[in-house]
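First up is the structure itself, then whatever we jot down about it.
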Amino acid sequence: MRELTQNAFNLFGVRLNVTQQRMFQTYEDELIAWNLQVNLTAINTAEQIRTKHFLDSISTVCVLRGTPLTSLIDIGTGAGFPGIPLKILFPEMRLTLVESVGKKAVFCQHIVECLGLSGVEVLTERAESLGQNPDYREHYDWAVARAVAILPVLTEYLLPLVRVGGAMLAMKGEQAPAEVHRAEHAINVLGGHVRKLTPITLPGVAEERYLVVVDKVAATSIVYPRRVGVPSKKPL
């Protein structure tokens with residue numbers, strides 16, 4: 001964990017205390033062990049996990065720091081990224097993890113219990129359904145996602161879940177600027193406004209990454225999100 005600790009501080013100004021370092025080590029050990037039996041992620045070595053999962057998740061602090069962070073929903077979280085690392089960093093934050101693949105949701109629940117995290121809900125659900133559920137709709141300070149869908153589709157998944165005054169965060173690759181351009185209509189229709197694109201470079205990773213932040217400036221029409229499967233088939 002020494003390299004992760006150093007990179008987290010040197011690159012993103014995040015100090016990991018001893019407890020947090022131990023939690024990341026437990027997370028890593030469990031992910032490697034489970035991945036031998038259940039295909040959770042193609043990233044399966046300790047070095048890759050620390051950079052492409054943990055450090056990548058920690059990078060979001062660049063845009064989250066200094067903002068309201070009472071509640072966050074992570075859509076398509078997979079094996080818990082970036083939601084669980086963020087919960088390790090911000091233990092008071094209320095976290096909802098959403099993963100439609102059952103075996104991945106089961107792993108997330110296992111890690112939550114292993115790490116003794118409180119205030120975490122794991123849902124085996126679809127974003128479109130949650131976006132029409134009054135218990136979740138326009139309920140969160142932040143809605144985040146990593147490698148889930150193209151931005152016009154992802155915007156329809158995330159913005160309906162964010163309260164007015166909150167924001168969505170899309171973790172994207174080098175095509176992010178082009179995706180933002182393609183998503184302008186969807187963002188406007190759904191009540192959003194692009195705040196910024198923040199480039200992120202991870203050690204040993206050639207592809208440039210971006211944190212795309214879209215502020216929620218107006219309530220989303222009740223028409224959105226459309227029913228399950230429609231946003232991906234007919235992007236706005």
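Ligands are numbered from 1 in the order shown, chains are lettered A, B, ... in the order of the structure tokens, and residues start at 1 in each chain.
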- List the neighbours of segment 164-177 of chain A out to 8 Å using only C-alpha atoms; skip same-chain residues closer than 3 positions along the sequence, and give me the result as a VMD selection string. chain A and resid 68 138 140 to 147 151 154 to 155 158 to 159 180 to 181 197 207 to 219
- Secondary structure check, alpha helix (DSSP H) residues of segment 74-210 of chain A, as number ranges by chain: A: 83-89, 102-114, 127-131, 151-158, 176-182, 184-189
- Message: as a PyMOL selection string, please: every residue in segment 61-188 of chain A that DSSP puts in strand (DSSP E or B).
- Response: chain A and resi 71-75+94-98+120-123+140-146+162-172
- With only C-alpha atoms as the basis for distance, which of A:Gln21, A:Gln48, A:Ser118, A:Gln109 is at the shortest distance from Arg94 of chain A?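 Comparing A:Gln21, A:Gln48, A:Ser118, A:Gln109 against Arg94 of chain A, the winner is A:Ser118.
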- Would you kindly return, as a PyMOL selection string, each protein, DNA or RNA residue with an atom no farther than 12 Å from any atom of Cys108 of chain A, considering only C-alpha atoms and excluding same-chain residues fewer than 5 positions away? chain A and resi 27+30-31+34+40+74+76-85+95-103+113-115+117+120-124
Taking a cut-off of 8 Å and counting only C-alpha atoms, can you build a table that, for each residue of segment 148-207 of chain A near segment 53-65 of chain A, reports the nearest atom pair and how far apart they are in Å (one decimal), sorted by chain then residue number, as a tab-separated table?
residue	atom	partner	partner_atom	distance
A:Thr198	CA	A:Val63	CA	7.9
A:Ile200	CA	A:Ser59	CA	7.3
A:Leu202	CA	A:Asp56	CA	7.2
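Distances to Asn133 of chain A were evaluated for A:Pro199, A:Pro235, A:Pro160, A:Gly229 using only C-alpha atoms, and the minimum falls at A:Pro160.
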- Query: Which residues, written as a PyMOL selection string, have at least one atom at most 12 Å from Pro134 of chain A, with only C-alpha atoms counted and residues fewer than 5 positions away on the same chain left out?
  - Reply: chain A and resi 129+139-140+160-163+222
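Taking only C-alpha atoms into account, Val112 of chain A lies nearest to A:Met23 out of the set A:Met23, A:Ala46, A:Val228, A:Val14.
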